[in-house]
Structure formats: C-alpha cells, structure tokens
file work.txt (compact mmCIF, C-alpha atoms and all ligand atoms)
# COMPACT_ATOMS: atom_id res chain seq x y z
CA MET B 1 -13.68 -1.43 -13.21
CA ASP B 2 -13.91 2.08 -11.76
CA GLU B 3 -13.18 3.28 -8.24
CA ALA B 4 -16.87 3.58 -7.29
CA THR B 5 -17.41 -0.10 -8.19
CA ILE B 6 -14.35 -1.20 -6.22
CA TRP B 7 -15.54 0.82 -3.24
CA SER B 8 -19.08 -0.56 -3.39
CA GLU B 9 -17.74 -4.14 -3.54
CA LEU B 10 -15.13 -3.85 -0.78
CA GLY B 11 -16.29 -1.00 1.45
CA PRO B 12 -14.29 0.13 4.48
CA GLU B 13 -14.47 -3.36 6.06
CA GLY B 14 -12.94 -4.97 2.97
CA PHE B 15 -10.09 -2.45 2.89
CA ARG B 16 -9.52 -2.97 6.62
CA ARG B 17 -9.21 -6.74 6.05
CA VAL B 18 -6.75 -6.18 3.19
CA VAL B 19 -4.43 -3.80 5.05
CA ALA B 20 -4.57 -5.95 8.21
CA ALA B 21 -3.52 -9.01 6.18
CA PHE B 22 -0.80 -6.93 4.48
CA TYR B 23 0.72 -5.67 7.74
CA ARG B 24 0.53 -9.12 9.38
CA ARG B 25 3.02 -10.22 6.71
CA ILE B 26 5.37 -7.23 6.98
CA PRO B 27 7.34 -8.00 10.17
CA GLY B 28 8.38 -11.44 8.87
CA ASP B 29 9.55 -10.16 5.48
CA ASP B 30 13.34 -10.04 5.11
CA LEU B 31 13.34 -7.17 2.59
CA LEU B 32 10.46 -4.92 3.68
CA GLY B 33 10.15 -5.83 7.38
CA PRO B 34 13.14 -3.73 8.51
CA MET B 35 11.84 -0.63 6.66
CA TYR B 36 8.68 -0.28 8.75
CA PRO B 37 8.58 1.06 12.34
CA ALA B 38 8.20 -2.06 14.53
CA GLU B 39 6.89 0.08 17.42
CA ASP B 40 4.19 1.73 15.28
CA LEU B 41 3.00 -0.91 12.84
CA GLN B 42 -0.60 -0.18 13.78
CA GLY B 43 0.03 3.46 12.82
CA SER B 44 1.44 2.34 9.45
CA GLU B 45 -1.58 0.12 8.91
CA ASP B 46 -3.96 2.97 9.71
CA ARG B 47 -2.18 5.36 7.34
CA LEU B 48 -2.45 2.95 4.41
CA TYR B 49 -6.06 2.14 5.31
CA HIS B 50 -7.14 5.79 5.45
CA PHE B 51 -5.18 6.57 2.29
CA LEU B 52 -7.04 3.83 0.38
CA CYS B 53 -10.42 4.93 1.78
CA PHE B 54 -9.55 8.44 0.57
CA ARG B 55 -8.15 7.50 -2.83
CA ILE B 56 -10.75 4.87 -3.76
CA GLY B 57 -13.77 5.84 -1.64
CA GLY B 58 -13.37 9.61 -1.38
CA VAL B 59 -13.41 9.52 2.45
CA PRO B 60 -11.59 12.73 3.51
CA ARG B 61 -10.04 11.54 6.80
CA TYR B 62 -6.57 10.81 5.38
CA LEU B 63 -6.41 14.30 3.87
CA GLU B 64 -7.53 15.90 7.14
CA GLU B 65 -4.97 14.01 9.22
CA ARG B 66 -1.98 13.79 6.87
CA GLY B 67 -2.54 16.49 4.25
CA HIS B 68 -1.84 15.90 0.57
CA PRO B 69 -0.47 12.33 0.20
CA ARG B 70 2.80 13.33 -1.59
CA LEU B 71 3.59 9.64 -1.70
CA ARG B 72 6.77 9.94 -3.73
CA MET B 73 8.22 12.44 -1.30
CA ARG B 74 7.10 10.37 1.70
CA HIS B 75 8.82 7.27 0.30
CA LEU B 76 12.15 9.00 -0.43
CA PRO B 77 13.68 7.99 2.94
CA PHE B 78 13.32 4.33 1.88
CA ARG B 79 15.38 2.55 -0.73
CA ILE B 80 12.83 1.36 -3.30
CA GLY B 81 14.18 -0.50 -6.30
CA GLU B 82 12.59 -3.18 -8.45
CA ALA B 83 13.01 -5.87 -5.76
CA GLU B 84 11.24 -3.78 -3.09
CA ARG B 85 8.49 -2.79 -5.53
CA ASP B 86 7.90 -6.39 -6.56
CA ARG B 87 7.93 -7.65 -2.97
CA TRP B 88 5.37 -5.00 -1.88
CA LEU B 89 3.10 -6.06 -4.74
CA GLU B 90 3.51 -9.79 -3.92
CA ILE B 91 2.61 -9.20 -0.28
CA MET B 92 -0.38 -7.09 -1.30
CA ALA B 93 -1.59 -9.77 -3.75
CA ALA B 94 -1.38 -12.40 -0.98
CA ALA B 95 -3.19 -10.04 1.41
CA MET B 96 -6.04 -9.45 -1.07
CA GLU B 97 -6.42 -13.19 -1.55
CA GLU B 98 -6.44 -13.83 2.20
CA ALA B 99 -9.02 -11.05 2.67
CA GLY B 100 -11.37 -12.72 0.18
CA VAL B 101 -11.22 -9.97 -2.46
CA SER B 102 -12.84 -11.14 -5.71
CA PRO B 103 -10.49 -11.79 -8.66
CA GLU B 104 -12.07 -8.88 -10.60
CA VAL B 105 -11.53 -6.35 -7.80
CA ALA B 106 -8.06 -7.77 -7.06
CA SER B 107 -7.09 -7.30 -10.68
CA ALA B 108 -8.39 -3.70 -10.81
CA LEU B 109 -6.73 -2.79 -7.50
CA GLY B 110 -3.59 -4.67 -8.56
CA ALA B 111 -3.27 -2.45 -11.63
CA PHE B 112 -3.57 0.66 -9.44
CA PHE B 113 -1.03 -0.68 -6.90
CA SER B 114 1.45 -1.62 -9.67
CA GLN B 115 1.29 1.86 -11.14
CA VAL B 116 1.83 3.60 -7.80
CA ALA B 117 4.55 1.15 -6.68
CA ASP B 118 6.52 1.72 -9.88
CA PHE B 119 6.14 5.49 -9.51
CA LEU B 120 7.61 5.22 -5.99
CA ARG B 121 10.85 3.59 -7.18
CA ASN B 122 13.78 5.82 -6.31
CA GLN B 123 16.66 3.48 -7.32
CA GLU B 124 17.73 2.81 -10.89
CA PRO B 125 17.82 -0.85 -11.97
CA PHE B 126 21.36 -2.21 -11.89
CA SER B 127 23.13 -1.95 -15.24
CA PRO B 128 26.69 -3.27 -15.70
C1 LIG B 201 6.92 0.13 -3.79
C2 LIG B 201 7.10 -0.45 -2.61
C3 LIG B 201 6.74 0.24 -1.32
C4 LIG B 201 7.51 0.27 -0.20
C5 LIG B 201 8.87 -0.41 -0.02
C6 LIG B 201 6.80 1.07 0.79
C7 LIG B 201 7.26 1.34 2.07
C8 LIG B 201 6.67 2.21 2.94
C9 LIG B 201 7.17 2.53 4.24
C10 LIG B 201 8.44 1.93 4.87
C11 LIG B 201 6.33 3.43 4.80
C12 LIG B 201 6.42 4.07 6.19
C13 LIG B 201 5.48 3.34 7.11
C14 LIG B 201 4.63 4.25 7.95
O1 LIG B 201 3.68 4.86 7.43
O2 LIG B 201 4.87 4.30 9.14
C15 LIG B 201 5.28 3.67 3.85
C16 LIG B 201 4.23 4.54 4.05
C17 LIG B 201 3.15 4.66 3.21
N1 LIG B 201 2.97 4.00 2.03
FE1 LIG B 201 4.31 2.79 1.13
N2 LIG B 201 5.63 1.50 0.25
C18 LIG B 201 5.54 1.01 -1.02
C19 LIG B 201 4.47 1.16 -1.88
C20 LIG B 201 3.31 1.82 -1.59
C21 LIG B 201 2.15 1.87 -2.45
C22 LIG B 201 2.03 1.16 -3.79
C23 LIG B 201 1.22 2.66 -1.81
C24 LIG B 201 -0.18 3.06 -2.22
C25 LIG B 201 -0.89 2.49 -3.15
C26 LIG B 201 1.81 3.08 -0.57
C27 LIG B 201 1.18 3.89 0.36
C28 LIG B 201 1.74 4.34 1.52
C29 LIG B 201 1.10 5.29 2.42
C30 LIG B 201 -0.27 5.92 2.24
C31 LIG B 201 1.99 5.50 3.47
C32 LIG B 201 1.80 6.46 4.65
C33 LIG B 201 2.12 7.88 4.19
C34 LIG B 201 1.97 8.89 5.30
O3 LIG B 201 0.86 9.42 5.46
O4 LIG B 201 2.96 9.17 5.99
N3 LIG B 201 3.07 2.56 -0.45
N4 LIG B 201 5.51 2.93 2.74
call {"tool": "encode", "arguments": {"input": "work.txt", "output": "structure tokens"}}
result
Amino acid sequence: MDEATIWSELGPEGFRRVVAAFYRRIPGDDLLGPMYPAEDLQGSEDRLYHFLCFRIGGVPRYLEERGHPRLRMRHLPFRIGEAERDRWLEIMAAAMEEAGVSPEVASALGAFFSQVADFLRNQEPFSP
C-alpha cells in the first residue's frame, strides 16, 4: 500500500486520532513517559501529527515550522535501545487500533514506523 492510499484512507482526522491516542498513553508509560516534556505534551503531539501529515500526505506545514525533520539528530538526546524502540511501536500499534485504523493501513504504517524506529536507535544491544 502506497502513501497516497494511506493518506486517502486516513486523512488528517485519522492521523489526529492516532497521535492523540498515542500521546494519551505516553504519560503512564514507565519507560517512555519520563522522556517526553510533561509541560508540553500537546506540543509533542502536534509535532508528530504535522510530521506524519508531511511525510505521508505531503502537507508542508511541518517543514515550514520545524525545517528538515533530521529525526536521527533530534532523537540523539534520548536513550533509544531495543526496549524503547519496541515500546514505542507497541504504544503506536495500540493507538492505531483505538483510532479505528483498518488492519491493512495499520500494517502498512506499522512497517514504516518499524523502519524509522529502528533507524533511531542510538544504543547498541547488550552483548556480554
Ligand atoms: C524509537 C522510539 C522513539 C522514541 C523513544 C521517541 C522519543 C521521542 C521524544 C522523547 C521526542 C521529543 C518530544 C517532543 O517533540 O517534544 C520525540 C520527538 C519526535 N519524534 Fe520520536 N521517538 C521514537 C520514535 C519515533 C518514530 C518512529 C517517529 C516517526 C515515525 C518519531 C517522530 C518524532 C517526531 C516528528 C518528533 C518531533 C521532532 C521535532 O520536530 O522536534 N519518533 N521522539
């Protein structure tokens, strides 16, 4: 499934539902909760929302407000190993389900999220 199909099925409202469900789960998460700014969670939600509208739907607002995403660089201040990557993906999968995303779209978006999340890892897996 290509990005245009995902965008036509979800639209901005669908992405808004997904990121809202994602960020509702963040404060209560033992691993990821402490990484996000409690006083600006709405700001975090908006950044992810506009990024997805840009990346999947071609809407330029994220680029205008934040510049080139440089996601790896922007995630360097946070410790992201396999556990953090997997937790982010679990929370996102639950958020997509709660937001009523169809299994086909969830699987296509899930593949995209997995690829980016793995690329953002900045800690080597533990090896004895
Ligand atoms: C691998 C696990 C991940 C962790 C632990 C993580 C954590 C974080 C944290 C703590 C922030 C700062 C919150 C803020 O914006 O105020 C952030 C920002 C952001 N994250 Fe992630 N993230 C992960 C994966 C992803 C993935 C997979 C994507 C995209 C598909 C993504 C997209 C973004 C975006 C767009 C921002 C805002 C960047 C900006 O404009 O400053 N993140 N992330």
call {"tool": "residues_near_ligand", "arguments": {"input": "work.txt", "ligand": "ligand LIG 201 (chain B)", "cutoff": "7 Å", "atoms": "all atoms listed in the file", "output": "PDB file with C-alpha atoms, keeping the file's coordinate frame"}}
result
ATOM      1  CA  LEU B  32      10.460  -4.920   3.680  1.00  0.00           C
ATOM      2  CA  MET B  35      11.840  -0.630   6.660  1.00  0.00           C
ATOM      3  CA  TYR B  36       8.680  -0.280   8.750  1.00  0.00           C
ATOM      4  CA  PRO B  37       8.580   1.060  12.340  1.00  0.00           C
ATOM      5  CA  ASP B  40       4.190   1.730  15.280  1.00  0.00           C
ATOM      6  CA  LEU B  41       3.000  -0.910  12.840  1.00  0.00           C
ATOM      7  CA  GLY B  43       0.030   3.460  12.820  1.00  0.00           C
ATOM      8  CA  SER B  44       1.440   2.340   9.450  1.00  0.00           C
ATOM      9  CA  ARG B  47      -2.180   5.360   7.340  1.00  0.00           C
ATOM     10  CA  LEU B  48      -2.450   2.950   4.410  1.00  0.00           C
ATOM     11  CA  PHE B  51      -5.180   6.570   2.290  1.00  0.00           C
ATOM     12  CA  ARG B  66      -1.980  13.790   6.870  1.00  0.00           C
ATOM     13  CA  PRO B  69      -0.470  12.330   0.200  1.00  0.00           C
ATOM     14  CA  LEU B  71       3.590   9.640  -1.700  1.00  0.00           C
ATOM     15  CA  ARG B  74       7.100  10.370   1.700  1.00  0.00           C
ATOM     16  CA  HIS B  75       8.820   7.270   0.300  1.00  0.00           C
ATOM     17  CA  PHE B  78      13.320   4.330   1.880  1.00  0.00           C
ATOM     18  CA  ILE B  80      12.830   1.360  -3.300  1.00  0.00           C
ATOM     19  CA  GLU B  84      11.240  -3.780  -3.090  1.00  0.00           C
ATOM     20  CA  ARG B  85       8.490  -2.790  -5.530  1.00  0.00           C
ATOM     21  CA  TRP B  88       5.370  -5.000  -1.880  1.00  0.00           C
ATOM     22  CA  PHE B 113      -1.030  -0.680  -6.900  1.00  0.00           C
ATOM     23  CA  SER B 114       1.450  -1.620  -9.670  1.00  0.00           C
ATOM     24  CA  VAL B 116       1.830   3.600  -7.800  1.00  0.00           C
ATOM     25  CA  ALA B 117       4.550   1.150  -6.680  1.00  0.00           C
ATOM     26  CA  ASP B 118       6.520   1.720  -9.880  1.00  0.00           C
ATOM     27  CA  LEU B 120       7.610   5.220  -5.990  1.00  0.00           C
ATOM     28  CA  ARG B 121      10.850   3.590  -7.180  1.00  0.00           C
TER      29      ARG B 121
END
call {"tool": "closest_residue", "arguments": {"input": "work.txt", "among": "B:Glu104, B:Arg17, B:Thr5, B:Arg79", "to": "Pro34 (chain B)", "atoms": "only C-alpha atoms"}}
result
B:Arg79
call {"tool": "atom_distance", "arguments": {"input": "work.txt", "atom1": "CA of Leu63 (chain B)", "atom2": "CA of Pro12 (chain B)"}}
result
16.2 Å
call {"tool": "closest_residue", "arguments": {"input": "work.txt", "among": "B:Ala99, B:Ile91, B:Met73, B:Val59", "to": "Gly28 (chain B)", "atoms": "all atoms listed in the file"}}
result
B:Ile91
call {"tool": "residues_around", "arguments": {"input": "work.txt", "residues": "Met92 (chain B)", "least_positions_apart": "4", "cutoff": "10 Å", "atoms": "only C-alpha atoms", "output": "MDAnalysis selection string"}}
result
chainID B and resid 18:19 21:23 25 86:88 96:98 106 109:110 113
call {"tool": "closest_residue", "arguments": {"input": "work.txt", "among": "B:Ala93, B:Glu39, B:Leu31, B:His68", "to": "Phe54 (chain B)", "atoms": "only C-alpha atoms"}}
result
B:His68
call {"tool": "atom_distance", "arguments": {"input": "work.txt", "atom1": "CA of Arg24 (chain B)", "atom2": "CA of Leu10 (chain B)"}}
result
19.4 Å
call {"tool": "closest_residue", "arguments": {"input": "work.txt", "among": "B:Val101, B:Leu76, B:Ala38, B:Met1", "to": "Gln123 (chain B)", "atoms": "all atoms listed in the file"}}
result
B:Leu76
call {"tool": "atom_distance", "arguments": {"input": "work.txt", "atom1": "CA of Ile56 (chain B)", "atom2": "CA of Glu3 (chain B)"}}
result
5.3 Å
call {"tool": "decode", "arguments": {"input": "work.txt", "residues": "region 22-38 of chain B", "atoms": "N, CA and C atoms", "output": "PDB file, in the first residue's frame"}}
result
ATOM      1  N   PHE B  22      -1.996   7.934  20.876  1.00  0.00           N
ATOM      2  CA  PHE B  22      -0.601   7.628  21.225  1.00  0.00           C
ATOM      3  C   PHE B  22      -0.175   8.451  22.443  1.00  0.00           C
ATOM      4  N   TYR B  23      -0.394   9.754  22.385  1.00  0.00           N
ATOM      5  CA  TYR B  23       0.079  10.625  23.479  1.00  0.00           C
ATOM      6  C   TYR B  23      -0.757  10.504  24.739  1.00  0.00           C
ATOM      7  N   ARG B  24      -2.002   9.993  24.648  1.00  0.00           N
ATOM      8  CA  ARG B  24      -2.759   9.706  25.872  1.00  0.00           C
ATOM      9  C   ARG B  24      -2.081   8.602  26.668  1.00  0.00           C
ATOM     10  N   ARG B  25      -1.375   7.702  25.966  1.00  0.00           N
ATOM     11  CA  ARG B  25      -0.733   6.566  26.636  1.00  0.00           C
ATOM     12  C   ARG B  25       0.650   6.890  27.176  1.00  0.00           C
ATOM     13  N   ILE B  26       1.261   7.972  26.656  1.00  0.00           N
ATOM     14  CA  ILE B  26       2.663   8.254  26.999  1.00  0.00           C
ATOM     15  C   ILE B  26       2.897   8.563  28.488  1.00  0.00           C
ATOM     16  N   PRO B  27       2.102   9.465  29.102  1.00  0.00           N
ATOM     17  CA  PRO B  27       2.441   9.834  30.485  1.00  0.00           C
ATOM     18  C   PRO B  27       2.441   8.646  31.443  1.00  0.00           C
ATOM     19  N   GLY B  28       1.608   7.642  31.189  1.00  0.00           N
ATOM     20  CA  GLY B  28       1.522   6.498  32.089  1.00  0.00           C
ATOM     21  C   GLY B  28       2.541   5.407  31.792  1.00  0.00           C
ATOM     22  N   ASP B  29       3.389   5.613  30.795  1.00  0.00           N
ATOM     23  CA  ASP B  29       4.335   4.553  30.426  1.00  0.00           C
ATOM     24  C   ASP B  29       5.636   4.697  31.224  1.00  0.00           C
ATOM     25  N   ASP B  30       6.032   3.613  31.902  1.00  0.00           N
ATOM     26  CA  ASP B  30       7.215   3.701  32.777  1.00  0.00           C
ATOM     27  C   ASP B  30       8.495   3.992  32.007  1.00  0.00           C
ATOM     28  N   LEU B  31       8.621   3.470  30.801  1.00  0.00           N
ATOM     29  CA  LEU B  31       9.870   3.617  30.040  1.00  0.00           C
ATOM     30  C   LEU B  31       9.908   4.934  29.248  1.00  0.00           C
ATOM     31  N   LEU B  32       8.841   5.192  28.488  1.00  0.00           N
ATOM     32  CA  LEU B  32       8.845   6.365  27.598  1.00  0.00           C
ATOM     33  C   LEU B  32       8.300   7.628  28.259  1.00  0.00           C
ATOM     34  N   GLY B  33       7.384   7.463  29.220  1.00  0.00           N
ATOM     35  CA  GLY B  33       6.749   8.624  29.856  1.00  0.00           C
ATOM     36  C   GLY B  33       7.750   9.689  30.285  1.00  0.00           C
ATOM     37  N   PRO B  34       8.792   9.291  31.047  1.00  0.00           N
ATOM     38  CA  PRO B  34       9.741  10.289  31.556  1.00  0.00           C
ATOM     39  C   PRO B  34      10.557  11.000  30.469  1.00  0.00           C
ATOM     40  N   MET B  35      10.569  10.464  29.236  1.00  0.00           N
ATOM     41  CA  MET B  35      11.382  11.091  28.182  1.00  0.00           C
ATOM     42  C   MET B  35      10.706  12.319  27.573  1.00  0.00           C
ATOM     43  N   TYR B  36       9.378  12.364  27.669  1.00  0.00           N
ATOM     44  CA  TYR B  36       8.629  13.432  26.995  1.00  0.00           C
ATOM     45  C   TYR B  36       8.373  14.598  27.947  1.00  0.00           C
ATOM     46  N   PRO B  37       8.314  15.832  27.401  1.00  0.00           N
ATOM     47  CA  PRO B  37       8.106  17.003  28.278  1.00  0.00           C
ATOM     48  C   PRO B  37       6.675  17.060  28.793  1.00  0.00           C
ATOM     49  N   ALA B  38       6.488  16.799  30.112  1.00  0.00           N
ATOM     50  CA  ALA B  38       5.144  16.747  30.693  1.00  0.00           C
ATOM     51  C   ALA B  38       4.409  18.067  30.475  1.00  0.00           C
TER      52      ALA B  38
END
